[in-house]
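Heads up, upload00.tsv below (TSV, C-alpha atoms):
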chain	number	residue	atom	x	y	z
K	1	MET	CA	0.06	2.38	-15.22
K	2	ALA	CA	-1.81	-0.65	-16.58
K	3	PRO	CA	-2.72	-3.29	-13.98
K	4	GLU	CA	-1.15	-6.71	-13.90
K	5	VAL	CA	-3.49	-9.41	-15.18
K	6	PHE	CA	-3.32	-12.99	-13.89
K	7	TRP	CA	-5.35	-15.99	-15.08
K	8	TYR	CA	-6.01	-19.46	-13.67
K	9	ILE	CA	-4.34	-22.78	-14.38
K	10	ASN	CA	-6.39	-25.62	-12.99
K	11	PRO	CA	-7.23	-29.24	-13.86
K	12	ALA	CA	-10.92	-28.50	-13.14
K	13	ASP	CA	-11.88	-27.29	-16.59
K	14	GLY	CA	-14.57	-27.57	-19.24
K	15	GLU	CA	-17.55	-25.76	-20.70
K	16	VAL	CA	-19.36	-25.82	-17.32
K	17	PRO	CA	-16.70	-27.33	-15.03
K	18	TRP	CA	-18.68	-27.13	-11.76
K	19	GLU	CA	-21.15	-29.55	-13.37
K	20	PRO	CA	-19.68	-33.11	-13.32
K	21	GLY	CA	-21.03	-34.02	-16.75
K	22	HIS	CA	-19.32	-31.05	-18.42
K	23	ARG	CA	-15.79	-31.43	-17.05
K	24	VAL	CA	-12.84	-32.48	-19.15
K	25	THR	CA	-10.47	-35.25	-18.04
K	26	PRO	CA	-7.49	-33.56	-16.36
K	27	SER	CA	-4.01	-34.18	-17.73
K	28	LEU	CA	-0.57	-32.70	-17.16
K	29	SER	CA	-0.14	-32.03	-20.88
K	30	THR	CA	-3.27	-29.85	-20.83
K	31	LEU	CA	-1.96	-27.82	-17.90
K	32	VAL	CA	1.44	-27.38	-19.55
K	33	GLU	CA	-0.31	-26.13	-22.68
K	34	GLN	CA	-2.41	-23.73	-20.59
K	35	ALA	CA	0.77	-22.22	-19.13
K	36	ARG	CA	2.39	-21.86	-22.56
K	37	ASN	CA	-0.71	-20.19	-23.96
K	38	LEU	CA	-0.96	-17.71	-21.09
K	39	ASP	CA	2.70	-16.83	-21.49
K	40	SER	CA	2.32	-16.29	-25.23
K	41	LEU	CA	-0.89	-14.26	-24.76
K	42	GLY	CA	0.90	-11.81	-22.48
K	43	PHE	CA	-0.67	-12.59	-19.10
K	44	ASP	CA	1.54	-11.52	-16.21
K	45	GLY	CA	0.95	-14.64	-14.17
K	46	ALA	CA	-1.35	-17.47	-13.20
K	47	LEU	CA	-2.92	-18.70	-10.00
K	48	THR	CA	-2.31	-22.44	-9.82
K	49	THR	CA	-2.98	-25.33	-7.48
K	50	ALA	CA	-0.17	-26.36	-5.15
K	51	ARG	CA	0.41	-29.71	-6.81
K	52	GLU	CA	1.94	-29.29	-10.25
K	53	PRO	CA	3.37	-25.78	-10.86
K	54	ILE	CA	7.06	-26.77	-11.06
K	55	ALA	CA	6.14	-28.95	-14.05
K	56	LEU	CA	4.61	-25.95	-15.83
K	57	VAL	CA	7.77	-23.85	-15.96
K	58	PRO	CA	9.25	-25.40	-19.16
K	59	GLY	CA	7.96	-23.66	-22.24
K	60	THR	CA	7.26	-20.37	-20.44
K	61	ARG	CA	9.50	-17.34	-20.26
K	62	ASP	CA	7.78	-14.52	-18.36
K	63	LEU	CA	4.68	-16.03	-16.70
K	64	ARG	CA	4.75	-15.80	-12.91
K	65	PHE	CA	3.20	-18.54	-10.79
K	66	LEU	CA	1.02	-17.75	-7.76
K	67	ILE	CA	1.01	-20.90	-5.64
K	68	PRO	CA	-1.30	-21.40	-2.61
K	69	VAL	CA	0.16	-22.30	0.79
K	70	TYR	CA	-1.47	-23.05	4.14
K	71	PRO	CA	0.99	-21.57	6.68
K	72	GLY	CA	2.42	-24.21	8.97
K	73	VAL	CA	1.42	-27.27	6.96
K	74	THR	CA	4.79	-27.41	5.19
K	75	PRO	CA	7.80	-26.81	7.49
K	76	PRO	CA	9.28	-23.36	6.79
K	77	ALA	CA	12.74	-24.69	5.94
K	78	LEU	CA	11.27	-27.09	3.39
K	79	LEU	CA	9.04	-24.42	1.82
K	80	ALA	CA	12.02	-22.06	1.55
K	81	GLU	CA	14.05	-24.77	-0.17
K	82	GLN	CA	11.18	-25.48	-2.56
K	83	ALA	CA	11.00	-21.76	-3.35
K	84	GLN	CA	14.72	-21.63	-4.06
K	85	VAL	CA	14.47	-24.61	-6.41
K	86	PHE	CA	11.46	-23.11	-8.19
K	87	ASP	CA	13.23	-19.78	-8.67
K	88	HIS	CA	16.40	-21.57	-9.82
K	89	TYR	CA	14.45	-23.31	-12.60
K	90	SER	CA	12.10	-20.42	-13.46
K	91	GLY	CA	14.48	-17.48	-13.13
K	92	GLY	CA	12.68	-16.03	-10.11
K	93	ARG	CA	8.99	-16.21	-11.06
K	94	LEU	CA	7.42	-17.57	-7.86
K	95	ILE	CA	4.80	-15.87	-5.68
K	96	TYR	CA	3.13	-17.46	-2.67
K	97	ASN	CA	-0.61	-17.13	-2.09
K	98	GLN	CA	-1.16	-17.24	1.67
K	99	VAL	CA	-4.43	-19.11	2.35
K	100	ASN	CA	-6.02	-18.76	5.77
K	101	GLY	CA	-8.13	-21.89	5.27
K	102	ALA	CA	-11.23	-23.17	7.03
K	103	ASP	CA	-11.18	-25.59	9.95
K	104	PRO	CA	-12.43	-28.64	7.98
K	105	VAL	CA	-9.87	-28.08	5.22
K	106	LEU	CA	-6.93	-27.60	7.56
K	107	ALA	CA	-7.88	-30.62	9.64
K	108	ARG	CA	-7.31	-32.74	6.54
K	109	TYR	CA	-3.67	-31.63	6.61
K	110	GLY	CA	-3.20	-32.08	10.35
K	111	GLN	CA	-3.57	-28.39	11.25
K	112	PHE	CA	-5.85	-27.81	14.24
K	113	THR	CA	-5.01	-24.28	15.39
K	114	SER	CA	-7.86	-21.84	15.98
K	115	LYS	CA	-8.52	-18.98	13.56
K	116	GLU	CA	-6.97	-16.47	16.00
K	117	GLN	CA	-3.88	-18.66	16.43
K	118	ARG	CA	-3.59	-19.16	12.68
K	119	TYR	CA	-2.95	-15.47	12.10
K	120	ARG	CA	-0.14	-15.42	14.69
K	121	LEU	CA	1.25	-18.65	13.28
K	122	SER	CA	1.12	-17.22	9.77
K	123	ALA	CA	3.01	-14.06	10.70
K	124	GLU	CA	5.76	-16.10	12.34
K	125	TYR	CA	5.77	-18.60	9.50
K	126	TRP	CA	6.30	-16.09	6.70
K	127	ARG	CA	9.01	-14.22	8.61
K	128	GLN	CA	10.97	-17.43	8.87
K	129	VAL	CA	10.30	-18.57	5.30
K	130	LYS	CA	11.64	-15.27	3.96
K	131	ARG	CA	14.74	-15.47	6.15
K	132	LEU	CA	15.42	-19.05	5.14
K	133	TYR	CA	14.85	-18.23	1.47
K	134	ALA	CA	17.53	-15.55	1.88
K	135	ASP	CA	19.94	-18.27	3.10
K	136	GLU	CA	19.82	-17.65	6.85
K	137	THR	CA	21.44	-20.70	8.46
K	138	ASP	CA	20.77	-20.26	12.19
K	139	ALA	CA	18.48	-22.44	14.30
K	140	TYR	CA	15.18	-20.95	15.47
K	141	ASP	CA	12.87	-21.53	18.43
K	142	GLY	CA	9.66	-19.47	18.36
K	143	GLU	CA	6.06	-19.51	19.59
K	144	TYR	CA	4.80	-21.99	16.98
K	145	LEU	CA	7.86	-23.02	15.00
K	146	SER	CA	11.24	-24.52	15.78
K	147	TYR	CA	14.00	-25.86	13.54
K	148	GLY	CA	17.69	-26.62	13.67
K	149	PRO	CA	20.59	-24.98	11.78
K	150	ARG	CA	21.14	-25.57	8.10
K	151	TYR	CA	24.06	-27.88	7.53
K	152	LYS	CA	23.96	-28.63	3.81
K	153	PRO	CA	25.10	-26.33	0.95
K	154	ALA	CA	22.75	-23.63	-0.23
K	155	ILE	CA	20.59	-24.33	-3.27
K	156	PRO	CA	21.90	-22.36	-6.28
K	157	GLY	CA	19.95	-19.92	-8.37
K	158	PRO	CA	18.63	-16.38	-8.20
K	159	ARG	CA	17.01	-14.94	-5.10
K	160	GLN	CA	14.24	-12.43	-5.65
K	161	PRO	CA	15.19	-9.01	-4.24
K	162	GLY	CA	13.30	-8.62	-0.98
K	163	GLY	CA	12.45	-12.32	-0.93
K	164	ILE	CA	9.41	-14.23	-2.13
K	165	GLU	CA	6.32	-12.05	-2.34
K	166	VAL	CA	3.37	-13.23	-0.26
K	167	TRP	CA	-0.13	-12.36	-1.47
K	168	GLY	CA	-3.36	-13.14	0.36
K	169	THR	CA	-6.68	-12.12	1.86
K	170	GLY	CA	-8.39	-11.52	5.21
K	171	ALA	CA	-11.35	-9.17	5.69
K	172	SER	CA	-12.01	-9.50	9.43
K	173	PRO	CA	-10.29	-7.00	11.77
K	174	GLU	CA	-7.80	-9.73	12.68
K	175	GLY	CA	-7.34	-10.58	9.02
K	176	ILE	CA	-6.63	-6.96	8.12
K	177	GLU	CA	-4.08	-6.64	10.92
K	178	HIS	CA	-2.41	-9.81	9.70
K	179	ALA	CA	-2.42	-8.53	6.11
K	180	ALA	CA	-0.83	-5.25	7.18
K	181	GLU	CA	1.98	-7.13	8.89
K	182	VAL	CA	2.59	-9.93	6.38
K	183	LEU	CA	1.33	-9.40	2.85
K	184	ASP	CA	2.98	-7.80	-0.15
K	185	ALA	CA	-0.29	-7.76	-2.12
K	186	TYR	CA	-3.77	-7.83	-0.60
K	187	LEU	CA	-6.42	-9.73	-2.56
K	188	ALA	CA	-10.21	-9.67	-2.36
K	189	PHE	CA	-13.04	-11.13	-4.38
K	190	LEU	CA	-14.92	-8.63	-6.50
K	191	SER	CA	-17.81	-6.88	-4.76
K	192	THR	CA	-19.53	-3.55	-5.37
K	193	PRO	CA	-17.05	-0.73	-5.97
K	194	ASP	CA	-18.02	0.98	-2.70
K	195	GLN	CA	-17.50	-2.21	-0.70
K	196	LEU	CA	-14.18	-2.98	-2.37
K	197	ALA	CA	-12.91	0.59	-1.91
K	198	GLY	CA	-13.91	0.56	1.75
K	199	LEU	CA	-12.10	-2.71	2.40
K	200	PHE	CA	-8.95	-1.59	0.60
K	201	SER	CA	-8.99	1.71	2.51
K	202	ARG	CA	-9.01	-0.14	5.84
K	203	VAL	CA	-6.06	-2.24	4.72
K	204	ARG	CA	-4.16	0.85	3.51
K	205	ALA	CA	-4.66	2.52	6.88
K	206	ALA	CA	-3.47	-0.55	8.78
K	207	THR	CA	-0.34	-0.92	6.63
K	208	ALA	CA	0.43	2.81	6.87
K	209	GLU	CA	0.45	2.52	10.66
K	210	ARG	CA	3.29	0.01	10.25
K	211	GLY	CA	5.16	2.16	7.77
K	212	ARG	CA	4.41	-0.31	4.98
K	213	THR	CA	2.60	-0.22	1.65
K	214	VAL	CA	0.95	-3.08	-0.22
K	215	ARG	CA	-0.53	-3.52	-3.65
K	216	PHE	CA	-4.14	-4.54	-4.14
K	217	GLY	CA	-5.71	-7.22	-6.31
K	218	ALA	CA	-9.30	-8.20	-7.09
K	219	LEU	CA	-10.43	-11.69	-8.10
K	220	ALA	CA	-13.31	-12.12	-10.54
K	221	SER	CA	-14.50	-14.34	-13.34
K	222	VAL	CA	-15.18	-12.82	-16.72
K	223	ILE	CA	-17.17	-13.45	-19.89
K	224	VAL	CA	-16.25	-10.90	-22.53
K	225	ARG	CA	-17.37	-10.89	-26.15
K	226	GLU	CA	-17.73	-8.50	-29.06
K	227	THR	CA	-21.30	-7.63	-27.99
K	228	GLU	CA	-23.31	-7.48	-24.78
K	229	GLU	CA	-25.80	-10.00	-26.12
K	230	GLN	CA	-23.13	-12.59	-26.92
K	231	ALA	CA	-21.60	-12.33	-23.44
K	232	TRP	CA	-24.86	-12.55	-21.52
K	233	ASP	CA	-26.03	-15.43	-23.73
K	234	ARG	CA	-22.90	-17.33	-22.72
K	235	PHE	CA	-23.56	-16.57	-19.04
K	236	ALA	CA	-27.14	-17.84	-19.47
K	237	GLU	CA	-25.94	-20.99	-21.26
K	238	GLN	CA	-23.75	-21.96	-18.33
K	239	LEU	CA	-26.61	-21.43	-15.88
K	240	ALA	CA	-28.97	-23.48	-18.07
K	241	ALA	CA	-26.47	-26.36	-18.11
K	242	THR	CA	-26.19	-26.34	-14.31
K	243	SER	CA	-28.30	-28.74	-12.27
K	244	PRO	CA	-29.78	-27.32	-9.05
K	245	ASP	CA	-28.83	-30.61	-7.39
K	246	THR	CA	-25.16	-29.90	-8.11
K	247	VAL	CA	-25.34	-26.53	-6.36
K	248	LEU	CA	-27.51	-27.69	-3.47
K	249	ALA	CA	-25.34	-30.73	-2.75
K	250	THR	CA	-22.73	-28.59	-1.00
K	251	ALA	CA	-24.43	-25.22	-0.37
K	252	ASP	CA	-25.53	-25.89	3.21
K	253	ARG	CA	-22.23	-27.51	4.21
K	254	ASN	CA	-20.20	-24.69	2.71
K	255	LEU	CA	-22.23	-21.99	4.42
K	256	ARG	CA	-21.78	-23.64	7.81
K	257	SER	CA	-18.06	-24.32	7.28
K	258	PHE	CA	-17.51	-20.57	6.95
K	259	GLY	CA	-19.57	-19.78	10.03
K	260	PHE	CA	-22.81	-18.75	8.32
K	261	PRO	CA	-26.29	-20.13	9.05
K	262	GLY	CA	-27.44	-23.00	6.87
K	263	LEU	CA	-29.44	-22.40	3.70
K	264	ASP	CA	-32.79	-22.83	5.51
K	265	GLU	CA	-31.83	-20.12	8.04
K	266	LEU	CA	-29.84	-17.69	5.91
K	267	VAL	CA	-31.36	-14.22	5.50
K	268	ALA	CA	-30.04	-11.31	3.42
K	269	ASP	CA	-30.80	-7.59	3.69
K	270	ASP	CA	-30.34	-7.18	-0.05
K	271	PRO	CA	-33.55	-8.19	-1.90
K	272	GLN	CA	-31.57	-9.52	-4.85
K	273	VAL	CA	-29.50	-11.79	-2.62
K	274	GLN	CA	-32.62	-12.92	-0.77
K	275	ALA	CA	-34.17	-13.82	-4.14
K	276	ARG	CA	-31.17	-16.06	-4.84
K	277	ILE	CA	-31.56	-17.74	-1.44
K	278	ASP	CA	-35.30	-18.24	-2.02
K	279	ALA	CA	-34.66	-19.78	-5.44
K	280	LEU	CA	-32.15	-22.27	-4.04
K	281	ARG	CA	-34.52	-23.20	-1.21
K	282	ALA	CA	-37.14	-23.92	-3.87
K	283	GLY	CA	-34.68	-26.11	-5.76
K	284	ARG	CA	-34.11	-23.66	-8.61
K	285	ILE	CA	-31.15	-21.85	-10.13
K	286	PRO	CA	-31.59	-18.08	-9.50
K	287	ASP	CA	-32.64	-15.97	-12.48
K	288	ILE	CA	-30.26	-13.50	-14.07
K	289	ASP	CA	-32.09	-10.44	-12.71
K	290	SER	CA	-31.36	-11.55	-9.16
K	291	LEU	CA	-27.72	-12.23	-10.07
K	292	ARG	CA	-26.87	-8.82	-11.55
K	293	PHE	CA	-25.53	-6.44	-8.91
K	294	GLY	CA	-23.93	-3.64	-10.93
K	295	PRO	CA	-23.05	-2.51	-14.44
K	296	ASN	CA	-21.70	-5.59	-16.23
K	297	MET	CA	-21.38	-7.44	-12.90
K	298	ALA	CA	-23.18	-10.57	-11.73
K	299	ALA	CA	-22.95	-13.34	-9.15
K	300	GLY	CA	-22.31	-16.73	-10.73
K	301	LEU	CA	-20.67	-20.10	-10.28
K	302	THR	CA	-17.03	-21.16	-10.46
K	303	THR	CA	-14.95	-24.30	-10.07
K	304	TRP	CA	-14.53	-23.51	-6.37
K	305	THR	CA	-18.31	-23.41	-5.80
K	306	ALA	CA	-17.96	-26.93	-4.41
K	307	ALA	CA	-16.10	-25.39	-1.47
K	308	GLU	CA	-17.73	-21.94	-1.23
K	309	PRO	CA	-21.32	-20.66	-0.87
K	310	PRO	CA	-22.84	-20.39	-4.41
K	311	PHE	CA	-24.02	-17.22	-6.18
K	312	ASP	CA	-22.42	-15.06	-3.46
K	313	ILE	CA	-25.38	-15.68	-1.14
K	314	ALA	CA	-23.13	-15.11	1.90
K	315	GLY	CA	-21.56	-11.89	0.65
K	316	LYS	CA	-18.02	-13.27	0.40
K	317	GLY	CA	-17.64	-12.22	-3.23
K	318	THR	CA	-16.91	-15.73	-4.48
K	319	GLY	CA	-18.25	-16.41	-7.94
K	320	THR	CA	-18.59	-12.78	-9.01
K	321	TYR	CA	-18.35	-12.04	-12.74
K	322	PHE	CA	-17.76	-9.26	-15.20
K	323	VAL	CA	-20.04	-9.93	-18.19
K	324	GLY	CA	-20.49	-7.95	-21.39
K	325	SER	CA	-18.87	-6.42	-24.43
K	326	ALA	CA	-15.15	-5.70	-24.29
K	327	GLU	CA	-15.78	-1.96	-24.34
K	328	ASN	CA	-18.32	-2.03	-21.50
K	329	VAL	CA	-16.49	-4.55	-19.30
K	330	ALA	CA	-13.24	-2.59	-19.68
K	331	ALA	CA	-15.03	0.63	-18.73
K	332	THR	CA	-16.50	-1.01	-15.63
K	333	MET	CA	-13.20	-2.59	-14.61
K	334	ASN	CA	-11.32	0.68	-15.11
K	335	ALA	CA	-13.89	2.51	-12.99
K	336	VAL	CA	-13.62	-0.08	-10.21
K	337	ALA	CA	-9.82	0.03	-10.39
K	338	GLU	CA	-9.79	3.82	-10.12
K	339	GLN	CA	-12.24	3.97	-7.23
K	340	ALA	CA	-10.78	1.10	-5.18
K	341	GLY	CA	-7.14	1.27	-6.28
K	342	VAL	CA	-6.77	-2.08	-8.01
K	343	ASP	CA	-3.22	-2.90	-9.13
K	344	ILE	CA	-3.78	-6.56	-10.05
K	345	TRP	CA	-6.68	-8.41	-11.65
K	346	LEU	CA	-6.89	-12.17	-11.06
K	347	LEU	CA	-9.39	-13.37	-13.63
K	348	SER	CA	-10.91	-16.69	-14.64
K	349	GLY	CA	-13.44	-18.06	-17.12
K	350	TRP	CA	-14.29	-21.40	-18.66
K	351	PRO	CA	-13.13	-23.18	-20.66
K	352	LEU	CA	-9.89	-21.70	-19.36
K	353	ALA	CA	-7.96	-21.65	-22.64
K	354	SER	CA	-10.66	-20.17	-24.88
K	355	GLU	CA	-11.82	-17.57	-22.34
K	356	ALA	CA	-8.20	-16.53	-21.73
K	357	ARG	CA	-7.88	-15.85	-25.46
K	358	HIS	CA	-11.04	-13.72	-25.48
K	359	VAL	CA	-9.70	-11.72	-22.53
K	360	ALA	CA	-6.23	-11.31	-24.01
K	361	GLU	CA	-7.50	-10.19	-27.41
K	362	LEU	CA	-10.55	-8.12	-26.44
K	363	LEU	CA	-10.15	-6.91	-22.87
K	364	ILE	CA	-6.52	-6.53	-21.73
K	365	PRO	CA	-5.65	-3.89	-24.37
K	366	ARG	CA	-8.49	-1.73	-22.99
K	367	LEU	CA	-7.44	-1.88	-19.31
K	368	ARG	CA	-5.57	1.04	-17.80

Can the structure in the file be given as structure tokens, please?
Amino acid sequence: MAPEVFWYINPADGEVPWEPGHRVTPSLSTLVEQARNLDSLGFDGALTTAREPIALVPGTRDLRFLIPVYPGVTPPALLAEQAQVFDHYSGGRLIYNQVNGADPVLARYGQFTSKEQRYRLSAEYWRQVKRLYADETDAYDGEYLSYGPRYKPAIPGPRQPGGIEVWGTGASPEGIEHAAEVLDAYLAFLSTPDQLAGLFSRVRAATAERGRTVRFGALASVIVRETEEQAWDRFAEQLAATSPDTVLATADRNLRSFGFPGLDELVADDPQVQARIDALRAGRIPDIDSLRFGPNMAAGLTTWTAAEPPFDIAGKGTGTYFVGSAENVAATMNAVAEQAGVDIWLLSGWPLASEARHVAELLIPRLR
């Protein structure tokens, strides 16, 4: 069976959108057009921000919307009502992306629970959201959450069988246990096939112990062209247009926010990764040789580099790319999918609209 393929809808866009001088001015009309294009190109869904997805439903027919949520920030009854409204207007096309979050991010939204508490809170949160989405009306008083009975009429519209799907991540032992209890699809950033297969195997084992199964998705960026040379030239163009100052402005902060040593202290066992670290310390963008880590795979930059360690120097998988001809990238992706058991690809590339068209026309027909 062919995998599902999701793309990104995001106001951070442009030829080199992590570089301030190359970003386009965001507008709602642009995002609406992105959604329409993805729907017409045959993408199964899109990962969006949490701010505007309800406005993107008009003009689409089949596109599903994967919307990020920090558990506990929005009261469960309110989130369930929002889900019911979204499914009423879209015909049942909502998915929630459960985001564990980092302490500095969650503090902005008034959430100060520890990482260990957040997993327990999340499990309780999603149980209640799914019950409320299914029109449960009773009051609830739990470990982290409490709410009164529903007193107003139910919101009309379809309810997805089995409730809203919840997708998400979590690679630590606690994160895997949480995933096995809560998630309907487990997501991970692209890494080497062996690493990805090992992680997915641990999640499969944990879910099997609970008598559950989940699907698996991998997130990656992609540059695909008719030839290898064209694709790698585009990858090189984006690097050449990137200022080291842009990357270094947040690299140290982002490393520390995820619990890693700062850039001056970070050490990698992998010589290629260490070469990237050394280049950044010297105020340079790493060269392509140090960024390649497998056939048609490389570590790069994305629009979320401002919040994540760049060039995958911390081994989180953020910013990983497939790069190459359609034939070669498809062969690599199919091999990774077979080895690791990938059911869903969540892909991105910039500019979002033009790269989506390359992927739809050249790559998706070759995936299996």

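Those residues that approach K:Pro156 to within 9 Å, counting only C-alpha atoms, are Gln84, Val85, His88, Pro153 and Arg159 of chain K; same-chain residues fewer than 3 positions away are not listed.
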
Saved selection, atoms kept: C-alpha atoms, as a PDB file, keeping the file's coordinate frame:
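The result, written out as selection-v1.pdb:
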ATOM      1  CA  GLN K  84      14.720 -21.630  -4.060  1.00  0.00           C
ATOM      2  CA  VAL K  85      14.470 -24.610  -6.410  1.00  0.00           C
ATOM      3  CA  HIS K  88      16.400 -21.570  -9.820  1.00  0.00           C
ATOM      4  CA  PRO K 153      25.100 -26.330   0.950  1.00  0.00           C
ATOM      5  CA  ARG K 159      17.010 -14.940  -5.100  1.00  0.00           C
TER       6      ARG K 159
END

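Among the candidates K:Gly349, K:Pro158, K:Asp62, K:Lys152, the residue lying nearest to K:Gly42 is K:Asp62 (atoms considered: all atoms listed in the file).
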
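Distances from K:Lys130, K:Arg225, K:Arg256, K:His358 to K:Ser325 were compared using all atoms listed in the file, and the smallest one belongs to K:Arg225.
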
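Near K:Ala314, within a cut-off of 10 Å and counting all atoms listed in the file, sit the residues Leu255, Phe258, Phe260, Pro261, Leu263, Leu266, Val267, Ala268, Val273, Ile277, Glu308, Pro309, Pro310 and Thr318 of chain K, with same-chain residues fewer than 4 positions away left out.
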
Store the residues picked out above, limited to C-alpha atoms, as an mmCIF file, in the frame of the given file.
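Listed below is the output, out_15.cif:
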data_model
loop_
_atom_site.group_PDB
_atom_site.id
_atom_site.type_symbol
_atom_site.label_atom_id
_atom_site.label_comp_id
_atom_site.auth_asym_id
_atom_site.auth_seq_id
_atom_site.Cartn_x
_atom_site.Cartn_y
_atom_site.Cartn_z
ATOM 1 C CA LEU K 255 -22.230 -21.990 4.420
ATOM 2 C CA PHE K 258 -17.510 -20.570 6.950
ATOM 3 C CA PHE K 260 -22.810 -18.750 8.320
ATOM 4 C CA PRO K 261 -26.290 -20.130 9.050
ATOM 5 C CA LEU K 263 -29.440 -22.400 3.700
ATOM 6 C CA LEU K 266 -29.840 -17.690 5.910
ATOM 7 C CA VAL K 267 -31.360 -14.220 5.500
ATOM 8 C CA ALA K 268 -30.040 -11.310 3.420
ATOM 9 C CA VAL K 273 -29.500 -11.790 -2.620
ATOM 10 C CA ILE K 277 -31.560 -17.740 -1.440
ATOM 11 C CA GLU K 308 -17.730 -21.940 -1.230
ATOM 12 C CA PRO K 309 -21.320 -20.660 -0.870
ATOM 13 C CA PRO K 310 -22.840 -20.390 -4.410
ATOM 14 C CA THR K 318 -16.910 -15.730 -4.480
#

How many Å separate atom CA of K:Thr137 from atom CA of K:Leu78? 13.0 Å

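Comparing K:His22, K:Pro11, K:Ala180, K:Trp345 by their smallest distance to K:Arg204, the closest is K:Ala180 (using all atoms listed in the file).
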
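One finds atom CA of K:Pro3 at 12.0 Å from atom CA of K:Ala330.
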
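Candidate residues K:Ala282, K:Leu301, K:Val105, K:Ala185 were compared for distance to K:Ala240, and the nearest is K:Leu301, using only C-alpha atoms.
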
Spatial sel., origin (4.4, -18.5, -14.2), limit 12 Å, only C-alpha atoms, listed as an MDAnalysis selection string: chainID K and resid 6:9 31:32 34:40 42:48 52:67 86:87 89:96

Interatomic distance (Å, one decimal) between atom CA of K:Leu248 and atom CA of K:Ala306: 9.6 Å

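Using only C-alpha atoms, the residues found no farther than 9 Å from K:Leu239, other than those of its own chain fewer than 4 positions away, are Val16, Arg234, Phe235, Ser243, Ile285, Pro286, Asp287, Ile288, Gly300 and Leu301 of chain K.
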
If you count all atoms listed in the file, which residues fall within 10 Å of K:Trp167, apart from same-chain ones fewer than 4 positions away, as a list in words? Leu66, Ile67, Pro68, Ile95, Tyr96, Asn97, Gln98, Val99, Ala179, Val182, Leu183, Asp184, Ala185, Tyr186, Leu187, Val214, Arg215, Phe216 and Gly217 of chain K

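In terms of minimum interatomic distance to K:Pro295, K:Val336 ranks closest within K:Val336, K:Ala50, K:Leu367, K:Val24, counting only C-alpha atoms.
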
Block slice stretch 264-291 of chain K, C-alpha atoms, emitted as a CSV table (one decimal), in the first residue's frame:
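Once everything was written out, this is result29.csv:
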chain,number,residue,atom,x,y,z
K,264,ASP,CA,31.3,25.6,22.6
K,265,GLU,CA,30.9,22.4,24.6
K,266,LEU,CA,29.1,20.1,22.2
K,267,VAL,CA,31.0,17.0,21.0
K,268,ALA,CA,29.8,14.4,18.6
K,269,ASP,CA,31.1,10.8,18.1
K,270,ASP,CA,30.3,11.0,14.3
K,271,PRO,CA,33.2,12.8,12.5
K,272,GLN,CA,30.7,14.3,10.0
K,273,VAL,CA,28.6,15.8,12.8
K,274,GLN,CA,31.8,17.0,14.6
K,275,ALA,CA,32.8,18.7,11.3
K,276,ARG,CA,29.5,20.6,11.3
K,277,ILE,CA,30.0,21.7,14.9
K,278,ASP,CA,33.6,22.8,14.2
K,279,ALA,CA,32.4,24.9,11.1
K,280,LEU,CA,29.8,26.7,13.2
K,281,ARG,CA,32.3,27.4,15.9
K,282,ALA,CA,34.5,29.0,13.3
K,283,GLY,CA,31.6,31.1,12.0
K,284,ARG,CA,31.1,29.1,8.8
K,285,ILE,CA,28.2,27.2,7.2
K,286,PRO,CA,29.2,23.5,7.1
K,287,ASP,CA,30.2,22.1,3.7
K,288,ILE,CA,28.0,19.6,1.8
K,289,ASP,CA,30.3,16.7,2.4
K,290,SER,CA,29.8,17.0,6.2
K,291,LEU,CA,26.1,17.3,5.7
